>>> print(open('start-v5.cif').read())   # mmCIF, C-alpha atoms
data_start
loop_
_atom_site.label_atom_id
_atom_site.label_comp_id
_atom_site.auth_asym_id
_atom_site.auth_seq_id
_atom_site.Cartn_x
_atom_site.Cartn_y
_atom_site.Cartn_z
CA MET A 1 -16.71 -2.53 11.82
CA LEU A 2 -14.95 -0.32 9.25
CA SER A 3 -16.56 3.09 8.83
CA ARG A 4 -14.87 3.81 5.49
CA ASP A 5 -13.08 1.97 2.70
CA VAL A 6 -9.44 1.10 3.32
CA LYS A 7 -7.25 1.52 0.23
CA ALA A 8 -3.78 0.13 -0.38
CA GLU A 9 -0.98 2.66 -0.03
CA VAL A 10 1.56 0.30 -1.62
CA PRO A 11 1.22 -2.71 -3.94
CA LEU A 12 1.32 -6.14 -2.36
CA PRO A 13 3.74 -7.67 -2.97
CA SER A 14 5.99 -4.77 -3.88
CA PHE A 15 8.51 -7.03 -5.64
CA LEU A 16 8.45 -10.25 -7.66
CA ARG A 17 8.27 -13.15 -5.17
CA SER A 18 8.88 -16.85 -5.54
CA THR A 19 6.16 -19.26 -4.42
CA VAL A 20 8.61 -22.20 -4.16
CA ASP A 21 12.19 -23.09 -3.29
CA GLY A 22 13.97 -23.28 -6.62
CA TYR A 23 15.95 -21.57 -9.33
CA ALA A 24 14.93 -18.28 -10.90
CA VAL A 25 15.27 -18.65 -14.66
CA ILE A 26 14.33 -17.12 -17.98
CA ALA A 27 11.38 -19.33 -18.96
CA ALA A 28 12.45 -19.47 -22.61
CA ASP A 29 15.70 -21.20 -21.53
CA THR A 30 13.72 -24.17 -20.16
CA GLN A 31 11.73 -24.95 -23.30
CA GLY A 32 12.18 -28.59 -24.30
CA ALA A 33 13.60 -29.60 -20.93
CA SER A 34 12.52 -33.08 -19.79
CA ASP A 35 13.66 -36.01 -17.66
CA GLY A 36 15.67 -37.35 -20.58
CA VAL A 37 16.93 -34.06 -21.98
CA PRO A 38 17.78 -31.53 -19.26
CA VAL A 39 18.83 -27.92 -19.73
CA PHE A 40 22.07 -26.87 -18.06
CA LEU A 41 22.23 -23.44 -16.45
CA ASP A 42 25.04 -21.61 -14.67
CA ILE A 43 24.22 -20.46 -11.13
CA MET A 44 24.76 -16.72 -10.63
CA GLU A 45 24.08 -16.50 -6.86
CA GLU A 46 22.09 -17.84 -3.92
CA ILE A 47 19.55 -15.20 -2.85
CA GLU A 48 18.73 -15.00 0.86
CA ILE A 49 15.18 -14.51 2.13
CA GLY A 50 14.49 -10.88 2.97
CA LYS A 51 17.45 -9.62 0.91
CA PRO A 52 17.50 -8.30 -2.68
CA ALA A 53 19.17 -10.07 -5.55
CA LYS A 54 22.58 -8.70 -6.50
CA LYS A 55 23.00 -10.07 -10.00
CA ARG A 56 20.82 -10.00 -13.12
CA VAL A 57 19.86 -13.34 -14.68
CA VAL A 58 20.75 -13.57 -18.36
CA SER A 59 20.14 -16.35 -20.87
CA GLY A 60 21.91 -19.54 -19.84
CA THR A 61 22.02 -18.61 -16.16
CA CYS A 62 19.87 -18.90 -13.04
CA SER A 63 19.87 -17.96 -9.34
CA TYR A 64 18.68 -19.93 -6.33
CA VAL A 65 15.73 -18.29 -4.54
CA PRO A 66 13.81 -19.52 -1.44
CA THR A 67 10.03 -19.47 -1.01
CA GLY A 68 8.97 -15.84 -0.59
CA GLY A 69 12.34 -14.59 -1.81
CA MET A 70 12.89 -11.82 -4.34
CA ILE A 71 13.12 -12.80 -8.01
CA PRO A 72 16.28 -11.33 -9.56
CA GLU A 73 16.09 -8.91 -12.45
CA GLY A 74 15.87 -10.67 -15.82
CA ALA A 75 14.21 -13.85 -14.48
CA ASP A 76 10.50 -14.51 -15.13
CA ALA A 77 9.92 -17.99 -13.67
CA VAL A 78 11.14 -20.31 -10.90
CA VAL A 79 11.84 -24.03 -11.34
CA MET A 80 11.20 -26.08 -8.19
CA VAL A 81 14.31 -27.72 -6.72
CA GLU A 82 12.59 -31.10 -7.17
CA TYR A 83 13.03 -30.64 -10.94
CA CYS A 84 16.69 -29.65 -10.70
CA GLU A 85 19.92 -31.56 -10.11
CA LEU A 86 22.98 -29.76 -8.81
CA PHE A 87 26.21 -30.81 -10.57
CA ASP A 88 28.50 -28.48 -8.65
CA GLN A 89 28.24 -25.11 -6.92
CA SER A 90 28.12 -23.29 -10.24
CA CYS A 91 25.83 -25.39 -12.47
CA THR A 92 22.46 -27.15 -12.27
CA ALA A 93 20.47 -29.36 -14.64
CA VAL A 94 16.80 -28.43 -15.14
CA TYR A 95 14.38 -31.26 -16.05
CA HIS A 96 11.15 -29.27 -16.32
CA ALA A 97 9.89 -26.64 -18.77
CA LEU A 98 8.04 -23.55 -17.51
CA ALA A 99 6.02 -20.73 -19.02
CA SER A 100 6.75 -17.13 -18.13
CA GLY A 101 5.31 -16.31 -14.68
CA GLY A 102 5.50 -19.88 -13.41
CA ASN A 103 5.80 -20.01 -9.60
CA VAL A 104 6.10 -16.21 -9.43
CA VAL A 105 3.82 -13.74 -7.64
CA GLN A 106 3.72 -10.54 -9.66
CA ILE A 107 4.02 -7.03 -8.21
CA GLY A 108 0.56 -5.99 -6.99
CA GLU A 109 -0.93 -9.42 -7.76
CA ASP A 110 -2.43 -9.58 -4.26
CA VAL A 111 -3.36 -5.90 -3.95
CA GLU A 112 -2.60 -3.05 -6.34
CA LYS A 113 -1.76 0.41 -5.08
CA GLY A 114 -4.97 2.43 -4.60
CA GLU A 115 -7.15 -0.71 -4.65
CA THR A 116 -9.77 -1.12 -1.91
CA ILE A 117 -8.40 -3.71 0.52
CA LEU A 118 -11.50 -3.79 2.72
CA PRO A 119 -14.80 -1.94 2.08
CA ARG A 120 -16.86 0.02 4.57
CA GLY A 121 -18.98 -2.30 6.70
CA THR A 122 -16.34 -5.03 6.94
CA ARG A 123 -16.19 -6.74 10.33
CA LEU A 124 -12.57 -7.03 11.44
CA ALA A 125 -11.69 -10.66 12.10
CA ALA A 126 -8.33 -12.43 11.90
CA ALA A 127 -8.10 -12.46 8.08
CA GLN A 128 -8.99 -8.78 7.81
CA ILE A 129 -6.45 -7.79 10.47
CA GLY A 130 -3.84 -9.75 8.51
CA ALA A 131 -4.74 -7.93 5.28
CA LEU A 132 -4.35 -4.56 7.03
CA ALA A 133 -1.00 -5.58 8.54
CA GLY A 134 0.22 -6.69 5.13
CA ASN A 135 -0.31 -3.13 3.91
CA SER A 136 1.26 -1.54 7.03
CA ARG A 137 -2.04 -0.20 8.35
CA ARG A 138 -1.79 0.02 12.13
CA THR A 139 -4.98 2.02 12.63
CA VAL A 140 -8.26 2.31 10.73
CA GLU A 141 -11.52 4.17 11.32
CA VAL A 142 -14.32 2.04 12.74
CA TYR A 143 -17.86 2.59 13.93
CA ARG A 144 -18.39 3.09 17.62
CA PRO A 145 -20.52 0.14 18.76
CA LEU A 146 -24.05 1.02 19.76
CA LYS A 147 -24.61 0.85 23.50
CA VAL A 148 -27.54 -1.26 24.65
CA THR A 149 -29.45 -1.65 27.91
CA ILE A 150 -31.50 -4.86 28.25
CA LEU A 151 -34.43 -5.11 30.66
CA SER A 152 -36.68 -8.11 31.31
CA THR A 153 -39.98 -7.60 33.12
CA GLY A 154 -42.33 -10.04 34.82
CA ASP A 155 -43.43 -10.99 38.34
CA GLU A 156 -42.78 -14.61 37.42
CA LEU A 157 -39.09 -14.08 36.54
CA VAL A 158 -36.20 -15.13 38.76
CA GLN A 159 -32.58 -14.36 37.92
CA VAL A 160 -30.38 -17.32 37.09
CA GLY A 161 -29.01 -18.74 40.33
CA GLY A 162 -31.87 -17.41 42.45
CA GLU A 163 -34.39 -19.45 44.42
CA LEU A 164 -37.29 -20.52 42.24
CA GLY A 165 -40.77 -20.31 43.78
CA LEU A 166 -44.03 -21.88 42.67
CA ALA A 167 -45.33 -20.49 39.37
CA GLN A 168 -41.99 -18.82 38.70
CA VAL A 169 -39.44 -19.39 35.91
CA TYR A 170 -35.80 -18.50 35.45
CA ASP A 171 -35.16 -15.48 33.25
CA ILE A 172 -34.02 -16.67 29.82
CA ASN A 173 -34.32 -13.47 27.83
CA THR A 174 -31.75 -11.28 29.56
CA PRO A 175 -28.69 -13.55 29.13
CA ALA A 176 -29.84 -14.71 25.68
CA LEU A 177 -30.44 -11.17 24.39
CA ARG A 178 -27.16 -10.00 25.91
CA GLN A 179 -25.24 -12.67 23.99
CA LEU A 180 -27.10 -11.95 20.76
CA ALA A 181 -26.39 -8.22 21.15
CA ARG A 182 -22.68 -9.00 21.51
CA GLU A 183 -22.76 -11.20 18.40
CA ILE A 184 -24.36 -8.40 16.40
CA GLY A 185 -21.70 -5.98 17.62
CA PHE A 186 -23.39 -3.95 20.36
CA GLU A 187 -21.78 -2.89 23.62
CA GLU A 188 -23.70 -3.89 26.73
CA VAL A 189 -24.27 -1.11 29.27
CA LYS A 190 -26.58 -2.83 31.74
CA THR A 191 -28.98 -5.75 32.12
CA GLN A 192 -31.72 -5.97 34.72
CA VAL A 193 -34.66 -8.19 35.66
CA LEU A 194 -37.64 -6.26 37.02
CA PRO A 195 -41.06 -7.11 38.47
CA ASP A 196 -44.15 -5.65 36.81
CA GLN A 197 -44.02 -2.42 38.76
CA GLU A 198 -44.44 0.78 36.79
CA GLU A 199 -42.20 2.96 38.96
CA LEU A 200 -39.27 0.50 38.80
CA LEU A 201 -39.54 0.12 35.03
CA GLU A 202 -39.81 3.89 34.59
CA LYS A 203 -36.62 4.45 36.58
CA ALA A 204 -34.76 1.77 34.60
CA LEU A 205 -35.96 3.25 31.30
CA ARG A 206 -34.85 6.76 32.26
CA LEU A 207 -31.38 5.52 33.19
CA GLY A 208 -31.17 3.47 30.00
CA MET A 209 -32.09 6.48 27.85
CA GLU A 210 -29.33 8.52 29.48
CA ASP A 211 -26.41 6.26 28.57
CA SER A 212 -27.58 3.86 25.83
CA ASP A 213 -28.32 4.12 22.13
CA LEU A 214 -30.81 1.26 22.33
CA VAL A 215 -33.01 0.19 25.25
CA VAL A 216 -34.61 -3.23 24.96
CA ILE A 217 -37.49 -4.37 27.17
CA SER A 218 -38.68 -7.97 26.91
CA GLY A 219 -42.13 -8.73 28.29
CA GLY A 220 -44.96 -6.31 28.91
CA SER A 221 -45.62 -5.63 25.24
CA SER A 222 -49.00 -7.32 24.72
CA GLN A 223 -52.42 -6.09 25.86
CA GLY A 224 -52.68 -7.58 29.36
CA LYS A 225 -53.48 -5.56 32.49
CA LYS A 226 -49.86 -5.41 33.61
CA ASP A 227 -48.43 -4.71 30.16
CA ILE A 228 -47.32 -1.16 30.87
CA THR A 229 -44.42 -0.85 28.43
CA ALA A 230 -46.26 1.02 25.68
CA LYS A 231 -47.76 3.53 28.11
CA LEU A 232 -44.39 4.25 29.70
CA LEU A 233 -42.56 4.60 26.40
CA ASP A 234 -45.15 7.04 25.13
CA ARG A 235 -44.82 9.10 28.30
CA LEU A 236 -41.05 9.10 28.61
CA ALA A 237 -39.96 9.31 24.98
CA ASP A 238 -40.45 12.15 22.50
CA PRO A 239 -42.13 11.61 20.07
CA GLY A 240 -42.63 8.16 21.63
CA VAL A 241 -44.23 5.01 20.26
CA PHE A 242 -44.53 4.80 16.49
CA THR A 243 -45.31 1.09 16.18
CA HIS A 244 -47.27 -1.23 18.47
CA GLY A 245 -47.58 -4.49 16.59
CA LEU A 246 -45.69 -6.00 13.66
CA ALA A 247 -47.07 -8.06 10.79
CA LEU A 248 -44.70 -10.81 11.89
CA LYS A 249 -44.97 -14.27 13.42
CA PRO A 250 -43.54 -14.72 15.99
CA GLY A 251 -43.33 -11.16 17.29
CA LYS A 252 -46.67 -9.49 16.63
CA PRO A 253 -46.86 -7.49 19.93
CA THR A 254 -43.50 -5.73 19.39
CA ILE A 255 -43.35 -2.04 20.39
CA LEU A 256 -40.97 0.46 18.77
CA ALA A 257 -40.36 3.99 20.03
CA VAL A 258 -37.80 6.76 19.69
CA ASP A 259 -36.65 9.57 21.94
CA GLU A 260 -35.14 12.36 19.87
CA PRO A 261 -33.69 14.43 22.77
CA SER A 262 -31.49 11.53 23.94
CA GLN A 263 -31.26 9.96 20.45
CA THR A 264 -32.35 6.62 21.88
CA ILE A 265 -34.25 3.83 20.16
CA LEU A 266 -36.55 1.85 22.44
CA MET A 267 -37.70 -1.66 21.60
CA GLY A 268 -40.40 -3.59 23.46
CA LEU A 269 -40.10 -7.31 22.71
CA PRO A 270 -42.47 -10.19 23.41
CA GLY A 271 -41.81 -12.09 26.62
CA HIS A 272 -41.58 -15.53 25.01
CA PRO A 273 -37.86 -16.27 24.46
CA ALA A 274 -38.07 -17.55 20.89
CA ALA A 275 -40.19 -14.60 19.80
CA ALA A 276 -38.01 -12.09 21.65
CA LEU A 277 -34.80 -13.43 20.10
CA MET A 278 -36.29 -13.62 16.62
CA VAL A 279 -37.56 -10.04 16.66
CA PHE A 280 -34.33 -8.70 18.15
CA ARG A 281 -32.28 -10.60 15.57
CA LEU A 282 -34.35 -9.19 12.71
CA LEU A 283 -34.60 -5.58 13.88
CA ALA A 284 -31.27 -5.06 15.65
CA LYS A 285 -29.31 -6.82 12.90
CA TRP A 286 -31.08 -4.69 10.27
CA LEU A 287 -30.27 -1.55 12.27
CA GLU A 288 -26.58 -2.43 12.41
CA GLN A 289 -26.47 -3.27 8.70
CA TRP A 290 -28.23 -0.03 7.78
CA ARG A 291 -25.92 1.99 10.02
CA THR A 292 -22.61 0.41 8.97
CA GLY A 293 -23.16 -1.05 5.52
CA GLU A 294 -22.41 -4.57 6.74
CA ALA A 295 -23.33 -7.27 4.22
CA ASP A 296 -26.28 -9.59 4.73
CA SER A 297 -25.70 -12.75 6.72
CA LEU A 298 -24.85 -15.97 4.91
CA LYS A 299 -27.87 -18.01 3.79
CA ILE A 300 -27.81 -21.73 3.04
CA PRO A 301 -30.02 -23.27 0.31
CA ALA A 302 -32.04 -26.25 1.49
CA SER A 303 -35.03 -28.38 0.53
CA MET A 304 -38.06 -28.32 2.84
CA GLN A 305 -38.82 -31.67 4.45
CA SER A 306 -42.53 -30.96 4.94
CA ASN A 307 -45.33 -28.52 4.17
CA ILE A 308 -45.47 -25.43 6.40
CA PRO A 309 -48.41 -22.99 6.39
CA ALA A 310 -47.82 -19.25 6.72
CA ALA A 311 -49.68 -16.86 9.02
CA PRO A 312 -52.27 -14.88 7.01
CA GLY A 313 -51.34 -11.22 6.62
CA LYS A 314 -47.90 -11.59 8.21
CA ASP A 315 -44.32 -12.44 7.45
CA THR A 316 -43.65 -15.82 9.06
CA CYS A 317 -40.30 -16.95 10.44
CA VAL A 318 -39.98 -20.73 10.68
CA MET A 319 -37.13 -22.18 12.72
CA VAL A 320 -35.48 -25.18 11.06
CA GLU A 321 -32.85 -27.85 11.61
CA LEU A 322 -30.46 -28.63 8.76
CA PHE A 323 -29.56 -32.18 7.72
CA PRO A 324 -27.51 -33.51 4.79
CA GLY A 325 -29.88 -34.19 1.88
CA ASP A 326 -30.22 -37.47 0.00
CA GLY A 327 -28.20 -36.00 -2.85
CA GLU A 328 -26.34 -32.71 -2.69
CA GLY A 329 -27.16 -29.88 -0.32
CA TYR A 330 -29.29 -29.82 2.82
CA THR A 331 -32.79 -30.66 3.99
CA ALA A 332 -34.59 -28.21 6.27
CA ARG A 333 -36.78 -29.75 8.96
CA PRO A 334 -39.15 -27.36 10.79
CA VAL A 335 -38.67 -27.08 14.55
CA LEU A 336 -42.27 -26.97 15.66
CA GLY A 337 -43.27 -25.69 19.06
CA LYS A 338 -44.76 -22.74 20.86
CA SER A 339 -42.65 -19.60 21.17
CA GLY A 340 -42.13 -20.10 24.91
CA LEU A 341 -40.49 -23.53 24.58
CA MET A 342 -36.74 -23.92 25.05
CA ARG A 343 -36.33 -26.56 22.37
CA THR A 344 -37.40 -24.16 19.63
CA LEU A 345 -34.29 -22.18 20.56
CA THR A 346 -31.78 -24.98 21.06
CA LYS A 347 -32.65 -27.33 18.18
CA ALA A 348 -32.80 -24.78 15.37
CA ASP A 349 -29.81 -24.08 13.11
CA GLY A 350 -31.51 -21.09 11.51
CA TYR A 351 -34.79 -19.85 10.13
CA VAL A 352 -36.69 -19.49 6.89
CA ARG A 353 -38.71 -16.36 6.26
CA ILE A 354 -42.04 -16.74 4.45
CA PRO A 355 -43.09 -13.37 3.00
CA MET A 356 -46.54 -11.93 3.57
CA GLY A 357 -49.01 -13.08 0.92
CA LYS A 358 -47.38 -16.48 0.37
CA GLU A 359 -49.58 -19.36 1.55
CA GLY A 360 -46.67 -21.38 2.89
CA LEU A 361 -43.88 -23.73 1.91
CA LYS A 362 -44.27 -27.08 0.15
CA THR A 363 -42.36 -30.30 0.66
CA GLY A 364 -39.26 -30.26 -1.55
CA GLU A 365 -39.41 -26.51 -2.11
CA LEU A 366 -36.02 -24.78 -2.25
CA VAL A 367 -35.63 -22.26 0.57
CA TRP A 368 -32.85 -20.04 1.91
CA VAL A 369 -31.97 -20.63 5.56
CA GLU A 370 -30.43 -17.77 7.51
CA LEU A 371 -28.09 -19.29 10.08
CA PHE A 372 -28.17 -18.37 13.77
#
>>> encode(input="start-v5.cif", output="structure tokens")
Amino acid sequence: MLSRDVKAEVPLPSFLRSTVDGYAVIAADTQGASDGVPVFLDIMEEIEIGKPAKKRVVSGTCSYVPTGGMIPEGADAVVMVEYCELFDQSCTAVYHALASGGNVVQIGEDVEKGETILPRGTRLAAAQIGALAGNSRRTVEVYRPLKVTILSTGDELVQVGGELGLAQVYDINTPALRQLAREIGFEEVKTQVLPDQEELLEKALRLGMEDSDLVVISGGSSQGKKDITAKLLDRLADPGVFTHGLALKPGKPTILAVDEPSQTILMGLPGHPAAALMVFRLLAKWLEQWRTGEADSLKIPASMQSNIPAAPGKDTCVMVELFPGDGEGYTARPVLGKSGLMRTLTKADGYVRIPMGKEGLKTGELVWVELF
């Protein structure tokens, strides 16, 4: 992720370039040219790709130039070879009229000198790397990725690949949160599955605070007897917990804390996978956007397939599937199910956020779907 704007040190391109194989001409010389009445031009030279033109084009003359080749001085357009007929090595007939600038890329048409090539907050993918290479930028300043430790707690949890006992389930949250953290741009330090034992969780939290910017704990955030996360965070962190509960569905029991001495953010997520992933996506993605200036994620407009009520006094996130609509655009079908069910994770293409105070969504209502 770029930490500052990258500006062009040179224009791109730095010379007039041809977009086709053809003959560089003075556009005014081609006026009136047609299939029945060609214009005859003398050929000055054949320009090689990657080499400058040697001769100036004057009225009544032209020069051959390949795609990407340099336009010779005096020429202001290029006629495609398909519209030319070579009589001998020194003369060609032109059957097509062009305006000035035809089939020519102007100096700085792609990027002008001093122009911002890529703004702060740009994620560097293939296209962005290509843009930097085109301006001879081998290095740029980027944000150091935030380091994250992910912990899952629960006596019922078994690591993937382990032996599953009665009343136990495989841990979904750790691998799912790890992948989501990578997608957002975080660097994983450690993941761990722990039983509901205070001393083990305390040790894991202390280690996480030492070498991570963000420590995430899924499970143990509600008000049950073994939900010890809030108590531990308040004891270990300074100033500690500042939020225990969000006006959000799913995700109400979320805990947020901060430790100023280690400059660590601590996040207690619900144990249910869908709720944990939704809260982490909302909060961690917002954190990264706030920190780096990254643009909001792409949202897709869609029409709701059915009525959906909102949770009173909360923002409500509704997972949806997208289908082609009857006309243009998409239809959003709610993926209904409790927050602990796998299919609410696997069937959804994205989610719709219903703001607090809105009663719900109506059939046919236009919504914006944020894609997963």
>>> closest_atom_pairs(input="start-v5.cif", of="segment 190-233 of chain A", to="segment 281-299 of chain A", cutoff="12 Å", atoms="all atoms listed in the file", output="Markdown table")
| residue | atom | partner | partner_atom | distance |
| --- | --- | --- | --- | --- |
| A:Asp213 | CA | A:Leu287 | CA | 11.5 |
| A:Leu214 | CA | A:Ala284 | CA | 9.2 |
| A:Val215 | CA | A:Ala284 | CA | 11.1 |
| A:Val216 | CA | A:Ala284 | CA | 10.1 |
>>> write_last_selection(input="start-v5.cif", atoms="C-alpha atoms", output="PDB file, in the coordinates of the input")
ATOM      1  CA  ASP A 213     -28.320   4.120  22.130  1.00  0.00           C
ATOM      2  CA  LEU A 214     -30.810   1.260  22.330  1.00  0.00           C
ATOM      3  CA  VAL A 215     -33.010   0.190  25.250  1.00  0.00           C
ATOM      4  CA  VAL A 216     -34.610  -3.230  24.960  1.00  0.00           C
TER       5      VAL A 216
END
>>> residues_around(input="start-v5.cif", residues="segment 94-98 of chain A", least_positions_apart="3", cutoff="6 Å", atoms="all atoms listed in the file", output="list of chain:residue names")
A:Ala27, A:Thr30, A:Gln31, A:Ala33, A:Ser34, A:Asp35, A:Pro38, A:Val39, A:Tyr83, A:Cys84
>>> resolve_selection(input="start-v5.cif", expression="the PyMOL selection byres ((chain A and resi 198) around 9)", output="mmCIF file with C-alpha atoms, in the coordinates of the input")
data_model
loop_
_atom_site.group_PDB
_atom_site.id
_atom_site.type_symbol
_atom_site.label_atom_id
_atom_site.label_comp_id
_atom_site.auth_asym_id
_atom_site.auth_seq_id
_atom_site.Cartn_x
_atom_site.Cartn_y
_atom_site.Cartn_z
ATOM 1 C CA PRO A 195 -41.060 -7.110 38.470
ATOM 2 C CA ASP A 196 -44.150 -5.650 36.810
ATOM 3 C CA GLN A 197 -44.020 -2.420 38.760
ATOM 4 C CA GLU A 199 -42.200 2.960 38.960
ATOM 5 C CA LEU A 200 -39.270 0.500 38.800
ATOM 6 C CA LEU A 201 -39.540 0.120 35.030
ATOM 7 C CA GLU A 202 -39.810 3.890 34.590
ATOM 8 C CA LYS A 203 -36.620 4.450 36.580
ATOM 9 C CA LYS A 226 -49.860 -5.410 33.610
ATOM 10 C CA ILE A 228 -47.320 -1.160 30.870
ATOM 11 C CA THR A 229 -44.420 -0.850 28.430
ATOM 12 C CA LEU A 232 -44.390 4.250 29.700
#
>>> residues_near_point(input="start-v5.cif", point="(-16.2, -1.6, 7.3)", cutoff="6 Å", atoms="only C-alpha atoms", output="MDAnalysis selection string")
chainID A and resid 1:4 119:123
>>> atom_distance(input="start-v5.cif", atom1="atom CA of Ile265 of chain A", atom2="atom CA of Ala348 of chain A")
29.0 Å
>>> resolve_selection(input="start-v5.cif", expression="the PyMOL selection byres ((chain A and resi 188) around 9)", output="CSV table (one decimal) with C-alpha atoms, in the coordinates of the input")
chain,number,residue,atom,x,y,z
A,146,LEU,CA,-24.0,1.0,19.8
A,147,LYS,CA,-24.6,0.8,23.5
A,148,VAL,CA,-27.5,-1.3,24.6
A,149,THR,CA,-29.4,-1.6,27.9
A,150,ILE,CA,-31.5,-4.9,28.2
A,178,ARG,CA,-27.2,-10.0,25.9
A,181,ALA,CA,-26.4,-8.2,21.2
A,182,ARG,CA,-22.7,-9.0,21.5
A,186,PHE,CA,-23.4,-4.0,20.4
A,187,GLU,CA,-21.8,-2.9,23.6
A,189,VAL,CA,-24.3,-1.1,29.3
A,190,LYS,CA,-26.6,-2.8,31.7
A,191,THR,CA,-29.0,-5.8,32.1
A,212,SER,CA,-27.6,3.9,25.8
>>> residues_around(input="start-v5.cif", residues="segment 134-137 of chain A", least_positions_apart="4", cutoff="7 Å", atoms="all atoms listed in the file", output="number ranges by chain")
A: 8, 10, 130
>>> write_last_selection(input="start-v5.cif", atoms="C-alpha atoms", output="short mmCIF file (atom, residue, chain, number, x, y, z; two decimals), in the frame of the given file")
data_model
loop_
_atom_site.label_atom_id
_atom_site.label_comp_id
_atom_site.auth_asym_id
_atom_site.auth_seq_id
_atom_site.Cartn_x
_atom_site.Cartn_y
_atom_site.Cartn_z
CA ALA A 8 -3.78 0.13 -0.38
CA VAL A 10 1.56 0.30 -1.62
CA GLY A 130 -3.84 -9.75 8.51
#
>>> resolve_selection(input="start-v5.cif", expression="the PyMOL selection byres ((chain A and resi 172) around 10)", output="MDAnalysis selection string")
chainID A and resid 152 157:160 169:171 173:177 271:274 342
>>> closest_residue(input="start-v5.cif", among="A:Gly154, A:Pro11, A:Gly102, A:Gly219", to="Gly268 of chain A", atoms="all atoms listed in the file")
A:Gly219
>>> atom_distance(input="start-v5.cif", atom1="atom CA of Ala53 of chain A", atom2="atom CA of Glu73 of chain A")
7.6 Å
>>> residues_around(input="start-v5.cif", residues="Gln106 of chain A", least_positions_apart="3", cutoff="7 Å", atoms="all atoms listed in the file", output="PDB file with C-alpha atoms, keeping the file's coordinate frame")
ATOM      1  CA  LEU A  16       8.450 -10.250  -7.660  1.00  0.00           C
ATOM      2  CA  ARG A  17       8.270 -13.150  -5.170  1.00  0.00           C
ATOM      3  CA  GLU A 109      -0.930  -9.420  -7.760  1.00  0.00           C
TER       4      GLU A 109
END
>>> closest_residue(input="start-v5.cif", among="A:Met304, A:Met356, A:Leu151, A:Ala230", to="Ala276 of chain A", atoms="all atoms listed in the file")
A:Leu151
>>> residues_around(input="start-v5.cif", residues="Tyr64 of chain A", least_positions_apart="6", cutoff="8 Å", atoms="all atoms listed in the file", output="NGL selection string")
:A and (21-24 or 43 or 45-47)
>>> atom_distance(input="start-v5.cif", atom1="atom CA of Thr243 of chain A", atom2="atom CA of Met267 of chain A")
9.7 Å
>>> closest_residue(input="start-v5.cif", among="A:Val369, A:Val37, A:Val25, A:Ala93", to="Pro72 of chain A", atoms="only C-alpha atoms")
A:Val25
>>> residues_around(input="start-v5.cif", residues="Thr363 of chain A", least_positions_apart="2", cutoff="7 Å", atoms="all atoms listed in the file", output="ChimeraX atom specification")
/A:304-307,361,365
>>> residues_near_point(input="start-v5.cif", point="(-53.9, -17.0, 40.8)", cutoff="12 Å", atoms="only C-alpha atoms", output="VMD selection string")
chain A and resid 156 166 to 167
>>> write_last_selection(input="start-v5.cif", atoms="C-alpha atoms", output="PDB file, in the frame of the given file")
ATOM      1  CA  GLU A 156     -42.780 -14.610  37.420  1.00  0.00           C
ATOM      2  CA  LEU A 166     -44.030 -21.880  42.670  1.00  0.00           C
ATOM      3  CA  ALA A 167     -45.330 -20.490  39.370  1.00  0.00           C
TER       4      ALA A 167
END
